[in-house]
$ cat structure-v1.txt   # compact mmCIF, C-alpha atoms and all ligand atoms
# COMPACT_ATOMS: atom_id res chain seq x y z
CA MET A 1 1.64 3.93 35.80
CA SER A 2 0.58 1.00 33.60
CA ILE A 3 1.28 1.06 29.85
CA THR A 4 -2.40 1.78 29.26
CA GLU A 5 -2.43 4.69 31.72
CA LYS A 6 0.75 6.16 30.30
CA ASP A 7 -0.61 5.75 26.78
CA LYS A 8 -3.83 7.50 27.73
CA LYS A 9 -1.88 10.31 29.37
CA TYR A 10 0.65 11.00 26.59
CA ILE A 11 -0.30 9.49 23.23
CA TRP A 12 -2.57 10.48 20.36
CA HIS A 13 -3.16 7.50 18.04
CA PRO A 14 -3.74 7.57 14.27
CA PHE A 15 -7.22 7.16 12.77
CA THR A 16 -8.63 7.10 16.28
CA GLN A 17 -11.36 9.04 18.04
CA MET A 18 -9.45 9.25 21.31
CA LYS A 19 -12.36 10.01 23.64
CA GLU A 20 -13.27 6.41 24.39
CA ALA A 21 -10.40 4.63 22.69
CA VAL A 22 -8.58 1.79 24.39
CA GLN A 23 -5.31 0.47 22.97
CA ILE A 24 -4.06 -3.07 23.48
CA PRO A 25 -0.48 -3.03 24.79
CA ILE A 26 1.59 -5.38 22.61
CA VAL A 27 4.86 -6.44 24.19
CA LYS A 28 6.18 -9.04 21.76
CA GLY A 29 5.78 -10.29 18.21
CA SER A 30 6.85 -13.54 16.60
CA GLY A 31 5.81 -14.88 13.19
CA VAL A 32 2.17 -13.99 12.64
CA TRP A 33 1.57 -13.64 16.38
CA LEU A 34 1.32 -10.51 18.51
CA PHE A 35 1.56 -11.00 22.29
CA ALA A 36 -0.27 -8.61 24.59
CA GLU A 37 0.76 -7.52 28.06
CA ASP A 38 -2.06 -9.62 29.57
CA GLU A 39 -0.63 -12.71 27.76
CA LYS A 40 -3.46 -12.90 25.26
CA LYS A 41 -2.14 -13.52 21.76
CA TYR A 42 -3.44 -12.32 18.41
CA ILE A 43 -2.91 -13.39 14.80
CA ASP A 44 -1.86 -10.36 12.79
CA ALA A 45 -4.26 -11.08 9.93
CA VAL A 46 -3.82 -7.63 8.37
CA SER A 47 -0.01 -7.67 8.43
CA SER A 48 0.00 -4.59 10.69
CA TRP A 49 -1.50 -2.23 8.12
CA TRP A 50 -0.20 -4.31 5.20
CA VAL A 51 3.47 -3.86 5.94
CA ASN A 52 4.62 -7.14 7.44
CA ILE A 53 5.43 -9.97 5.03
CA HIS A 54 7.92 -12.26 6.81
CA GLY A 55 6.44 -12.22 10.32
CA HIS A 56 7.27 -10.15 13.39
CA SER A 57 10.75 -9.78 14.87
CA HIS A 58 12.26 -11.85 12.07
CA PRO A 59 15.71 -12.98 13.26
CA TYR A 60 17.39 -12.65 9.84
CA ILE A 61 16.19 -9.08 9.31
CA ALA A 62 17.06 -8.26 12.95
CA GLU A 63 20.60 -9.58 12.46
CA LYS A 64 21.12 -7.61 9.23
CA VAL A 65 19.84 -4.38 10.81
CA TYR A 66 22.07 -4.96 13.86
CA GLN A 67 25.14 -5.58 11.66
CA GLN A 68 24.39 -2.42 9.71
CA PHE A 69 23.99 -0.46 12.94
CA LEU A 70 27.50 -1.47 14.02
CA GLU A 71 28.86 -0.12 10.70
CA LEU A 72 26.79 3.01 10.11
CA GLU A 73 23.37 3.96 11.40
CA HIS A 74 22.71 7.09 9.34
CA VAL A 75 24.34 9.73 7.20
CA LEU A 76 22.89 12.65 5.28
CA PHE A 77 22.08 11.61 1.72
CA SER A 78 22.95 14.74 -0.20
CA GLY A 79 26.63 14.74 -1.08
CA PHE A 80 26.99 11.25 0.43
CA THR A 81 25.90 7.73 -0.38
CA THR A 82 26.18 4.30 1.26
CA PRO A 83 26.90 0.72 0.14
CA VAL A 84 23.57 -0.48 1.51
CA ALA A 85 21.44 2.16 -0.30
CA THR A 86 23.21 1.42 -3.58
CA GLU A 87 22.77 -2.31 -3.04
CA LEU A 88 19.06 -1.86 -2.43
CA ALA A 89 18.62 0.39 -5.47
CA GLU A 90 20.41 -2.14 -7.70
CA ARG A 91 18.45 -5.09 -6.33
CA LEU A 92 15.15 -3.30 -6.96
CA ILE A 93 15.93 -2.00 -10.43
CA LEU A 94 16.95 -5.53 -11.47
CA LYS A 95 13.45 -6.62 -10.46
CA MET A 96 11.72 -3.85 -12.44
CA PRO A 97 13.77 -3.28 -15.57
CA TRP A 98 11.23 -0.71 -16.79
CA GLN A 99 12.53 1.66 -14.08
CA GLN A 100 16.06 3.01 -13.87
CA LYS A 101 16.41 5.42 -10.95
CA VAL A 102 15.52 5.31 -7.28
CA PHE A 103 14.68 8.28 -5.02
CA PHE A 104 14.43 7.60 -1.27
CA SER A 105 11.94 8.97 1.25
CA ASP A 106 10.36 7.44 4.33
CA ASN A 107 6.68 6.50 3.90
CA GLY A 108 4.02 5.79 1.32
CA SER A 109 2.47 9.26 1.21
CA THR A 110 5.80 10.93 0.54
CA ALA A 111 6.74 8.29 -2.05
CA VAL A 112 3.55 9.25 -3.94
CA GLU A 113 4.07 12.97 -3.48
CA VAL A 114 7.62 12.74 -4.76
CA ALA A 115 6.37 10.91 -7.87
CA VAL A 116 3.73 13.58 -8.52
CA LYS A 117 6.20 16.41 -7.92
CA MET A 118 8.62 14.75 -10.35
CA ALA A 119 5.87 14.45 -12.97
CA ILE A 120 4.87 18.12 -12.59
CA GLN A 121 8.44 19.37 -12.72
CA TYR A 122 9.28 17.07 -15.64
CA PHE A 123 6.93 19.04 -17.90
CA LYS A 124 8.03 22.37 -16.37
CA ASN A 125 11.64 21.48 -17.16
CA LYS A 126 10.60 20.55 -20.71
CA LYS A 127 8.76 23.90 -20.91
CA GLU A 128 5.65 22.03 -21.95
CA GLU A 129 2.48 23.44 -20.44
CA ARG A 130 0.32 20.84 -18.75
CA ASN A 131 -1.91 21.31 -15.73
CA THR A 132 -4.05 18.33 -14.71
CA ILE A 133 -3.53 15.15 -12.77
CA VAL A 134 -5.94 12.26 -13.22
CA VAL A 135 -6.67 9.76 -10.44
CA PHE A 136 -9.05 6.85 -9.94
CA LYS A 137 -12.26 7.21 -7.95
CA ASN A 138 -12.04 5.60 -4.50
CA ALA A 139 -8.28 6.15 -4.47
CA TYR A 140 -6.21 6.33 -1.33
CA HIS A 141 -2.68 7.66 -1.62
CA GLY A 142 -1.99 8.82 1.92
CA ASP A 143 -2.65 11.60 4.39
CA THR A 144 -0.24 14.44 3.65
CA PHE A 145 -1.77 17.41 1.80
CA GLY A 146 -0.56 16.29 -1.61
CA ALA A 147 -1.67 12.72 -1.01
CA MET A 148 -5.06 13.89 0.31
CA SER A 149 -5.56 16.00 -2.81
CA LEU A 150 -4.95 12.89 -4.90
CA SER A 151 -7.27 10.67 -2.87
CA GLN A 152 -11.03 10.18 -2.82
CA LYS A 153 -12.73 13.03 -1.00
CA ASN A 154 -14.51 11.64 2.04
CA ILE A 155 -15.16 12.16 5.72
CA PHE A 156 -11.51 11.60 6.58
CA ASN A 157 -10.20 14.55 4.56
CA GLU A 158 -13.30 16.75 4.51
CA ALA A 159 -11.91 19.23 7.06
CA PHE A 160 -9.15 20.11 4.62
CA SER A 161 -11.24 20.41 1.46
CA ASP A 162 -10.51 24.15 1.09
CA PHE A 163 -6.78 23.56 1.22
CA VAL A 164 -6.18 20.71 -1.22
CA PHE A 165 -5.54 21.02 -4.97
CA ASP A 166 -7.93 19.91 -7.72
CA VAL A 167 -7.55 16.71 -9.68
CA LYS A 168 -9.72 14.97 -12.27
CA THR A 169 -11.13 11.53 -11.52
CA ILE A 170 -12.06 8.55 -13.65
CA SER A 171 -13.63 5.23 -12.62
CA ALA A 172 -11.09 2.54 -11.91
CA PRO A 173 -11.24 -0.20 -14.57
CA GLU A 174 -12.98 -2.64 -12.24
CA TYR A 175 -14.94 -5.53 -13.67
CA GLY A 176 -18.14 -3.95 -14.97
CA CYS A 177 -16.62 -0.43 -15.20
CA GLU A 178 -14.20 -1.03 -18.05
CA THR A 179 -15.96 1.19 -20.62
CA HIS A 180 -16.70 3.97 -18.13
CA SER A 181 -13.10 4.11 -17.15
CA ILE A 182 -11.66 4.50 -20.64
CA ASN A 183 -14.42 6.84 -21.84
CA GLU A 184 -13.96 9.10 -18.85
CA LEU A 185 -10.26 9.30 -19.58
CA LYS A 186 -10.96 10.07 -23.26
CA ASN A 187 -13.22 12.97 -22.20
CA ILE A 188 -10.62 14.45 -19.90
CA ILE A 189 -7.87 14.13 -22.50
CA GLU A 190 -10.02 16.01 -25.03
CA ASN A 191 -10.39 18.98 -22.69
CA GLU A 192 -7.27 19.06 -20.54
CA LYS A 193 -3.53 18.93 -20.81
CA VAL A 194 -2.83 16.01 -18.52
CA ILE A 195 0.45 15.66 -16.65
CA ALA A 196 -0.02 12.24 -15.15
CA LEU A 197 -2.37 9.40 -14.37
CA LEU A 198 -1.87 8.18 -10.80
CA TYR A 199 -3.28 4.73 -10.05
CA GLU A 200 -3.21 1.83 -7.63
CA PRO A 201 -2.63 -1.02 -10.09
CA MET A 202 -4.96 -4.04 -9.96
CA ILE A 203 -6.44 -3.40 -6.52
CA GLN A 204 -7.43 -0.34 -4.52
CA GLY A 205 -6.68 -1.09 -0.89
CA ALA A 206 -8.20 1.45 1.47
CA GLY A 207 -10.95 2.16 -1.08
CA GLY A 208 -12.40 -1.26 -0.20
CA MET A 209 -10.11 -3.91 -1.78
CA ARG A 210 -11.62 -3.24 -5.21
CA ILE A 211 -10.10 -5.40 -7.93
CA GLN A 212 -9.52 -4.25 -11.52
CA ASN A 213 -9.69 -6.03 -14.85
CA PRO A 214 -6.03 -6.22 -16.00
CA LEU A 215 -6.95 -5.95 -19.69
CA ALA A 216 -9.05 -2.86 -19.09
CA LEU A 217 -6.32 -1.38 -16.91
CA ASN A 218 -3.86 -2.01 -19.71
CA ASN A 219 -6.17 -0.23 -22.20
CA VAL A 220 -6.44 2.80 -19.92
CA LEU A 221 -2.67 2.92 -19.49
CA GLU A 222 -2.14 2.50 -23.23
CA LEU A 223 -4.45 5.41 -24.02
CA ALA A 224 -2.71 7.64 -21.49
CA LYS A 225 0.71 6.63 -22.77
CA SER A 226 -0.31 7.42 -26.35
CA LYS A 227 -0.84 11.05 -25.21
CA ASN A 228 2.50 11.16 -23.38
CA ILE A 229 0.71 11.30 -20.05
CA LEU A 230 3.05 10.05 -17.35
CA LEU A 231 1.91 6.88 -15.61
CA ILE A 232 2.46 6.78 -11.86
CA ALA A 233 1.82 3.40 -10.26
CA ASP A 234 1.20 3.64 -6.53
CA GLU A 235 2.46 0.22 -5.46
CA VAL A 236 2.74 1.17 -1.81
CA MET A 237 0.26 -1.58 -0.93
CA THR A 238 0.51 -3.87 -3.96
CA GLY A 239 4.29 -4.26 -4.12
CA PHE A 240 6.25 -7.33 -3.00
CA TYR A 241 3.87 -10.12 -4.01
CA ARG A 242 0.69 -8.84 -2.33
CA THR A 243 -1.12 -9.43 -5.63
CA GLY A 244 0.69 -12.72 -6.27
CA ARG A 245 3.35 -11.06 -8.45
CA MET A 246 6.37 -9.07 -7.30
CA PHE A 247 4.69 -5.88 -8.55
CA ALA A 248 1.08 -5.42 -9.67
CA SER A 249 2.51 -3.57 -12.69
CA GLU A 250 3.53 -7.01 -13.96
CA TYR A 251 -0.15 -7.66 -14.80
CA THR A 252 -0.03 -5.05 -17.58
CA THR A 253 2.20 -4.85 -20.63
CA VAL A 254 2.15 -1.05 -20.47
CA LYS A 255 4.55 -0.15 -17.70
CA PRO A 256 4.53 2.92 -15.44
CA ASP A 257 6.97 5.81 -15.83
CA LEU A 258 7.13 6.30 -12.08
CA MET A 259 6.38 4.06 -9.11
CA ALA A 260 5.83 4.61 -5.41
CA LEU A 261 6.87 1.86 -2.97
CA SER A 262 6.80 1.56 0.81
CA LYS A 263 5.04 -0.70 3.37
CA ALA A 264 6.43 -4.22 2.68
CA LEU A 265 9.63 -2.80 1.19
CA THR A 266 11.51 -3.36 4.45
CA GLY A 267 9.55 -6.51 5.26
CA GLY A 268 7.44 -4.13 7.31
CA VAL A 269 10.02 -3.53 10.00
CA MET A 270 11.29 0.00 9.30
CA PRO A 271 9.86 3.10 7.64
CA LEU A 272 11.11 3.59 4.10
CA GLY A 273 9.58 5.00 0.94
CA LEU A 274 10.88 4.86 -2.61
CA THR A 275 9.96 6.60 -5.80
CA THR A 276 11.39 5.08 -8.94
CA CYS A 277 11.42 6.51 -12.45
CA THR A 278 12.72 6.02 -15.96
CA ASP A 279 15.89 7.56 -17.36
CA THR A 280 13.70 9.70 -19.63
CA ILE A 281 12.26 11.44 -16.57
CA TYR A 282 15.55 11.57 -14.69
CA ASN A 283 17.42 13.05 -17.66
CA GLU A 284 14.97 15.95 -17.88
CA PHE A 285 16.23 17.07 -14.45
CA LEU A 286 19.87 17.25 -15.56
CA GLY A 287 21.33 20.60 -16.49
CA SER A 288 24.11 23.03 -15.83
CA THR A 289 21.83 25.53 -14.07
CA ILE A 290 20.01 24.94 -10.80
CA GLU A 291 16.45 25.43 -12.10
CA LYS A 292 16.07 21.88 -13.35
CA THR A 293 17.12 20.32 -10.02
CA PHE A 294 14.62 18.31 -8.00
CA TYR A 295 14.62 20.14 -4.67
CA HIS A 296 13.04 17.62 -2.37
CA GLY A 297 14.47 15.64 0.54
CA HIS A 298 13.92 14.34 4.06
CA SER A 299 16.30 14.07 7.00
CA PHE A 300 16.14 10.27 6.98
CA THR A 301 16.46 9.85 3.21
CA GLY A 302 18.21 6.56 2.42
CA ASN A 303 18.50 5.58 6.08
CA PRO A 304 21.02 2.68 6.14
CA LEU A 305 19.14 0.67 8.79
CA ALA A 306 15.93 0.78 6.74
CA CYS A 307 17.91 -0.09 3.58
CA ALA A 308 19.53 -3.05 5.38
CA ALA A 309 16.09 -4.29 6.42
CA ALA A 310 14.86 -3.91 2.82
CA CYS A 311 17.83 -5.86 1.40
CA ALA A 312 17.27 -8.62 3.97
CA SER A 313 13.57 -8.72 3.13
CA LEU A 314 14.34 -9.03 -0.59
CA GLU A 315 16.73 -11.91 0.17
CA LEU A 316 13.97 -13.67 2.12
CA LEU A 317 11.53 -13.09 -0.74
CA GLU A 318 13.91 -14.89 -3.09
CA LYS A 319 13.96 -18.04 -0.98
CA GLN A 320 12.18 -21.04 -2.47
CA LYS A 321 10.25 -21.55 0.76
CA THR A 322 8.85 -18.01 0.68
CA LYS A 323 7.83 -18.40 -2.96
CA GLU A 324 6.03 -21.66 -2.17
CA GLN A 325 4.30 -20.01 0.78
CA ILE A 326 3.08 -17.16 -1.42
CA VAL A 327 1.72 -19.58 -4.05
CA SER A 328 -0.02 -21.61 -1.39
CA ILE A 329 -1.57 -18.51 0.28
CA CYS A 330 -2.82 -17.28 -3.11
CA GLU A 331 -4.45 -20.66 -3.82
CA ARG A 332 -6.06 -20.87 -0.42
CA GLN A 333 -7.39 -17.32 -0.57
CA GLN A 334 -8.95 -17.97 -3.96
CA GLU A 335 -10.56 -21.14 -2.70
CA ALA A 336 -11.78 -19.29 0.41
CA ALA A 337 -13.33 -16.54 -1.71
CA HIS A 338 -15.33 -19.26 -3.41
CA LEU A 339 -16.34 -20.95 -0.13
CA PHE A 340 -17.41 -17.73 1.59
CA SER A 341 -19.50 -16.65 -1.38
CA VAL A 342 -22.23 -19.13 -0.36
CA TYR A 343 -23.26 -17.08 2.68
CA ASN A 344 -26.14 -14.81 1.87
CA LYS A 345 -24.58 -12.18 4.10
CA VAL A 346 -21.70 -12.02 1.64
CA LYS A 347 -22.63 -9.69 -1.19
CA LYS A 348 -19.34 -10.00 -3.05
CA SER A 349 -16.41 -12.22 -2.37
CA ARG A 350 -13.11 -11.68 -4.13
CA SER A 351 -9.44 -12.44 -3.95
CA LEU A 352 -6.31 -11.27 -5.66
CA GLY A 353 -2.97 -12.84 -4.83
CA THR A 354 -2.55 -13.08 -1.06
CA ILE A 355 -5.60 -10.89 -0.37
CA LEU A 356 -9.12 -12.08 0.41
CA ALA A 357 -11.97 -9.54 0.62
CA LEU A 358 -15.60 -10.11 1.57
CA GLU A 359 -18.09 -7.33 0.99
CA LEU A 360 -20.94 -7.85 3.41
CA ASP A 361 -24.56 -7.07 2.83
CA ALA A 362 -24.72 -4.22 5.34
CA GLU A 363 -24.56 -0.48 5.54
CA GLN A 364 -21.80 0.69 3.19
CA GLY A 365 -18.89 2.97 3.96
CA TYR A 366 -16.17 3.07 6.54
CA PHE A 367 -18.52 3.77 9.45
CA SER A 368 -20.86 0.91 8.61
CA ASN A 369 -22.38 -0.42 11.86
CA ILE A 370 -21.08 -3.90 11.06
CA ARG A 371 -17.46 -2.74 11.16
CA GLU A 372 -17.20 -2.37 14.93
CA GLU A 373 -19.08 -5.60 15.43
CA MET A 374 -16.67 -7.54 13.22
CA TYR A 375 -13.59 -5.89 14.67
CA SER A 376 -14.59 -6.78 18.24
CA PHE A 377 -15.71 -10.30 17.32
CA PHE A 378 -12.37 -11.20 15.74
CA LEU A 379 -10.29 -9.48 18.43
CA GLN A 380 -12.10 -11.50 21.02
CA LYS A 381 -11.14 -14.63 19.04
CA GLY A 382 -7.49 -13.52 19.08
CA ILE A 383 -7.44 -12.31 15.47
CA VAL A 384 -6.63 -8.80 14.27
CA LEU A 385 -8.90 -8.07 11.31
CA ARG A 386 -9.68 -4.39 10.74
CA PRO A 387 -12.55 -4.25 8.25
CA LEU A 388 -12.83 -1.34 5.84
CA GLY A 389 -16.44 -0.55 6.72
CA ASN A 390 -18.53 -3.45 5.44
CA VAL A 391 -15.51 -5.00 3.67
CA LEU A 392 -13.78 -7.67 5.70
CA TYR A 393 -10.36 -8.57 4.37
CA PHE A 394 -7.61 -11.01 5.28
CA MET A 395 -4.07 -10.08 4.24
CA PRO A 396 -1.57 -12.18 6.18
CA PRO A 397 2.24 -12.14 6.44
CA TYR A 398 3.65 -14.78 4.06
CA CYS A 399 5.01 -16.90 6.91
CA ILE A 400 1.50 -17.87 8.02
CA ASN A 401 1.02 -21.65 8.18
CA THR A 402 -1.99 -23.80 7.26
CA ASN A 403 -3.24 -24.08 10.84
CA GLU A 404 -3.00 -20.36 11.42
CA MET A 405 -4.88 -19.66 8.19
CA ASN A 406 -7.51 -22.18 9.26
CA LEU A 407 -7.99 -20.36 12.57
CA VAL A 408 -8.82 -17.19 10.65
CA TYR A 409 -11.08 -18.97 8.14
CA GLU A 410 -12.96 -20.79 10.94
CA ALA A 411 -13.56 -17.53 12.78
CA ILE A 412 -14.89 -15.91 9.58
CA HIS A 413 -17.24 -18.89 9.01
CA GLU A 414 -18.47 -18.57 12.59
CA PHE A 415 -19.12 -14.85 12.20
CA LEU A 416 -20.96 -15.26 8.92
CA LYS A 417 -23.10 -18.13 10.20
CA ALA A 418 -24.23 -16.23 13.28
CA TYR A 419 -24.57 -12.79 11.81
CA GLN A 420 -27.98 -11.28 11.20
CA PRO A 421 -27.92 -7.83 9.65
CA LYS A 422 -29.27 -5.12 11.90
CA GLU A 423 -32.31 -3.25 10.57
C1 LIG B 501 -1.93 2.66 -2.07
C2 LIG B 501 -1.40 3.47 -0.91
N1 LIG B 501 -0.68 4.56 -1.17
C3 LIG B 501 -0.17 5.31 -0.18
C4 LIG B 501 -0.40 4.99 1.14
C5 LIG B 501 0.15 5.85 2.24
O1 LIG B 501 1.22 5.22 2.86
P1 LIG B 501 1.69 5.69 4.31
O2 LIG B 501 0.62 5.29 5.26
O3 LIG B 501 2.97 4.96 4.54
O4 LIG B 501 1.90 7.17 4.23
C6 LIG B 501 -1.16 3.85 1.45
C7 LIG B 501 -1.43 3.49 2.85
O5 LIG B 501 -2.26 2.69 3.16
C8 LIG B 501 -1.67 3.07 0.39
O6 LIG B 501 -2.42 1.99 0.62

$ encode --input "structure-v1.txt" --output "structure tokens"
Amino acid sequence: MSITEKDKKYIWHPFTQMKEAVQIPIVKGSGVWLFAEDEKKYIDAVSSWWVNIHGHSHPYIAEKVYQQFLELEHVLFSGFTTPVATELAERLILKMPWQQKVFFSDNGSTAVEVAVKMAIQYFKNKKEERNTIVVFKNAYHGDTFGAMSLSQKNIFNEAFSDFVFDVKTISAPEYGCETHSINELKNIIENEKVIALLYEPMIQGAGGMRIQNPLALNNVLELAKSKNILLIADEVMTGFYRTGRMFASEYTTVKPDLMALSKALTGGVMPLGLTTCTDTIYNEFLGSTIEKTFYHGHSFTGNPLACAAACASLELLEKQKTKEQIVSICERQQEAAHLFSVYNKVKKSRSLGTILALELDAEQGYFSNIREEMYSFFLQKGIVLRPLGNVLYFMPPYCINTNEMNLVYEAIHEFLKAYQPKE
């Protein structure tokens, strides 16, 4: 049986209507390139769902994971710890001095859920009655039940609408929505006892690469903080220089109480999730009786191989060459946003850090008819770009070179020049 036949026979893929779906068998990856079984190659222009930052099959990360494997591949994380998990925790906390403790899990959804569970139990432990969680409109925090409850209600989670919990929503402080955002929060605060505000700082990814005004975001966070509402920054997508800074929370002076990290944490090579928090939160869980304990954990918590990959990725991020690459990608993306804005098919063109997003003048929403057209066009050109409906975005690994970026830009120009919107 070929890979494709075997895949069709045994596998159910994520976010995929399987009836007609065809998967491309990828047999090798190197740098920004993915190599298919039929020898066609593709630029991974979406960093494989935003996880990859140093390129595929990076030899340094591979070596570090291999070395760790020879020492210890995994051990349960309750009652035991490891040098590599402690090293990773220390490295991270040094980079975000507003956080003091690290809790491990294994993906972005669980990292968010852990943060929300911590926030809820924090007030329970304090015996302070609070009952509402506030989130931004158009949010995406993952696909588990908790994460779905916290995300924008849409076609993807509609089937589960009777089974998720209620949250309150406010507009994200995008440019043009600044006053709405803060006023909506004021209204909720007047009527509810809010536990936490959960937000994707500076840019909402899956919601359509929507960029926020940092000053307005700061005002919203400041207001929440003044009411002792816990701030939970979901940096699953924004962390590790995606927005041009190590964390998007660096754009605001008001810092989160809890943070969720995943995706690029390991350089994108192994699953790992992290929830970080302040000592104030952590200390509220200490006690001589069991009631205050945080009873949450996963089999692969603190997996040493994933931690080794994360430490190696952080080392690579500290290299001068990587920093220069990031600066150069940010500059080029900003320039590109400007250049692409001249096409009348481009309704809005924006960039933040290493991300470029073009909102096309076409049917809106994830199932916009232009989505499939764009996806196929770029695939055929050897470029993986997976538009979010009518929003085309380019989010490359940081190892991408000028020529490779040009290939993507040229293809986008070609698409925009030729494209006529369907009636
Ligand atoms: C902001 C944000 N939070 C959470 C998640 C969920 O992460 P995962 O897919 O690892 O569960 C995502 C995934 O895209 C995300 O973008």

$ axis_aligned_box --input "structure-v1.txt" --around "ligand LIG 501 (chain B)" --padding-each-side "3 Å" --output "AutoDock Vina command-line options"
--center_x 0.3 --center_y 4.6 --center_z 1.6 --size_x 11.4 --size_y 11.2 --size_z 13.3

$ residues_around --input "structure-v1.txt" --residues "Gly108 of chain A" --least-positions-apart "6" --cutoff "10 Å" --atoms "all atoms listed in the file" --output "list in words"
Val114, His141, Gly142, Asp143, Thr144, Ala147, Asp234, Glu235, Val236, Met237, Ala260, Leu261, Ser262, Lys263, Pro271, Leu272, Gly273, Leu274 and Thr275 of chain A

$ closest_residue --input "structure-v1.txt" --among "A:Arg210, A:Lys41, A:Lys292, A:His338" --to "ligand LIG 501 (chain B)" --atoms "all atoms listed in the file"
A:Arg210

$ closest_residue --input "structure-v1.txt" --among "A:Thr266, A:Ser341, A:Thr293, A:Gln121" --to "Val65 of chain A" --atoms "only C-alpha atoms"
A:Thr266

$ closest_atom_pairs --input "structure-v1.txt" --of "segment 152-270 of chain A" --to "segment 122-131 of chain A" --cutoff "8 Å" --atoms "all atoms listed in the file" --output "Markdown table"
| residue | atom | partner | partner_atom | distance |
| --- | --- | --- | --- | --- |
| A:Glu192 | CA | A:Asn131 | CA | 7.5 |
| A:Lys193 | CA | A:Arg130 | CA | 4.8 |
| A:Val194 | CA | A:Arg130 | CA | 5.8 |
| A:Ile195 | CA | A:Arg130 | CA | 5.6 |

$ closest_residue --input "structure-v1.txt" --among "A:Leu76, A:Ile11, A:Ile281, A:Ile182" --to "Ile170 of chain A" --atoms "all atoms listed in the file"
A:Ile182

$ closest_residue --input "structure-v1.txt" --among "A:Ser151, A:Gln100, A:Ser299, A:Thr82" --to "ligand LIG 501 (chain B)" --atoms "all atoms listed in the file"
A:Ser151

$ atom_distance --input "structure-v1.txt" --atom1 "atom CA of Glu410 of chain A" --atom2 "atom CA of Ala336 of chain A"
10.7 Å

$ residues_around --input "structure-v1.txt" --residues "Trp49 of chain A" --least-positions-apart "2" --cutoff "10 Å" --atoms "all atoms listed in the file" --output "VMD selection string"
chain A and resid 44 to 47 51 to 52 237 263 to 264 268 385 to 386 395

$ write_last_selection --input "structure-v1.txt" --atoms "C-alpha atoms" --output "PDB file, in the frame of the given file"
ATOM      1  CA  ASP A  44      -1.860 -10.360  12.790  1.00  0.00           C
ATOM      2  CA  ALA A  45      -4.260 -11.080   9.930  1.00  0.00           C
ATOM      3  CA  VAL A  46      -3.820  -7.630   8.370  1.00  0.00           C
ATOM      4  CA  SER A  47      -0.010  -7.670   8.430  1.00  0.00           C
ATOM      5  CA  VAL A  51       3.470  -3.860   5.940  1.00  0.00           C
ATOM      6  CA  ASN A  52       4.620  -7.140   7.440  1.00  0.00           C
ATOM      7  CA  MET A 237       0.260  -1.580  -0.930  1.00  0.00           C
ATOM      8  CA  LYS A 263       5.040  -0.700   3.370  1.00  0.00           C
ATOM      9  CA  ALA A 264       6.430  -4.220   2.680  1.00  0.00           C
ATOM     10  CA  GLY A 268       7.440  -4.130   7.310  1.00  0.00           C
ATOM     11  CA  LEU A 385      -8.900  -8.070  11.310  1.00  0.00           C
ATOM     12  CA  ARG A 386      -9.680  -4.390  10.740  1.00  0.00           C
ATOM     13  CA  MET A 395      -4.070 -10.080   4.240  1.00  0.00           C
TER      14      MET A 395
END

$ closest_residue --input "structure-v1.txt" --among "A:Pro25, A:Gly389, A:Pro83, A:Gly146" --to "Pro304 of chain A" --atoms "only C-alpha atoms"
A:Pro83

$ closest_residue --input "structure-v1.txt" --among "A:Ser288, A:Asn191, A:Ser57, A:Thr238" --to "ligand LIG 501 (chain B)" --atoms "only C-alpha atoms and all ligand atoms"
A:Thr238

$ build_atoms --input "structure-v1.txt" --residues "segment 310-318 of chain A" --atoms "N, CA and C atoms" --output "PDB file, keeping the file's coordinate frame"
ATOM      1  N   ALA A 310      15.456  -3.668   4.145  1.00  0.00           N
ATOM      2  CA  ALA A 310      14.860  -3.910   2.820  1.00  0.00           C
ATOM      3  C   ALA A 310      15.673  -4.954   2.047  1.00  0.00           C
ATOM      4  N   CYS A 311      17.003  -4.860   2.110  1.00  0.00           N
ATOM      5  CA  CYS A 311      17.830  -5.860   1.400  1.00  0.00           C
ATOM      6  C   CYS A 311      17.585  -7.247   1.996  1.00  0.00           C
ATOM      7  N   ALA A 312      17.511  -7.318   3.324  1.00  0.00           N
ATOM      8  CA  ALA A 312      17.270  -8.620   3.970  1.00  0.00           C
ATOM      9  C   ALA A 312      15.907  -9.158   3.572  1.00  0.00           C
ATOM     10  N   SER A 313      14.914  -8.288   3.510  1.00  0.00           N
ATOM     11  CA  SER A 313      13.570  -8.720   3.130  1.00  0.00           C
ATOM     12  C   SER A 313      13.562  -9.248   1.697  1.00  0.00           C
ATOM     13  N   LEU A 314      14.289  -8.564   0.805  1.00  0.00           N
ATOM     14  CA  LEU A 314      14.340  -9.030  -0.590  1.00  0.00           C
ATOM     15  C   LEU A 314      15.018 -10.399  -0.670  1.00  0.00           C
ATOM     16  N   GLU A 315      16.061 -10.590   0.150  1.00  0.00           N
ATOM     17  CA  GLU A 315      16.730 -11.910   0.170  1.00  0.00           C
ATOM     18  C   GLU A 315      15.733 -12.988   0.605  1.00  0.00           C
ATOM     19  N   LEU A 316      14.958 -12.682   1.638  1.00  0.00           N
ATOM     20  CA  LEU A 316      13.970 -13.670   2.120  1.00  0.00           C
ATOM     21  C   LEU A 316      12.918 -13.960   1.057  1.00  0.00           C
ATOM     22  N   LEU A 317      12.537 -12.909   0.312  1.00  0.00           N
ATOM     23  CA  LEU A 317      11.530 -13.090  -0.740  1.00  0.00           C
ATOM     24  C   LEU A 317      12.021 -14.028  -1.840  1.00  0.00           C
ATOM     25  N   GLU A 318      13.356 -14.039  -2.030  1.00  0.00           N
ATOM     26  CA  GLU A 318      13.910 -14.890  -3.090  1.00  0.00           C
ATOM     27  C   GLU A 318      14.005 -16.352  -2.695  1.00  0.00           C
TER      28      GLU A 318
END
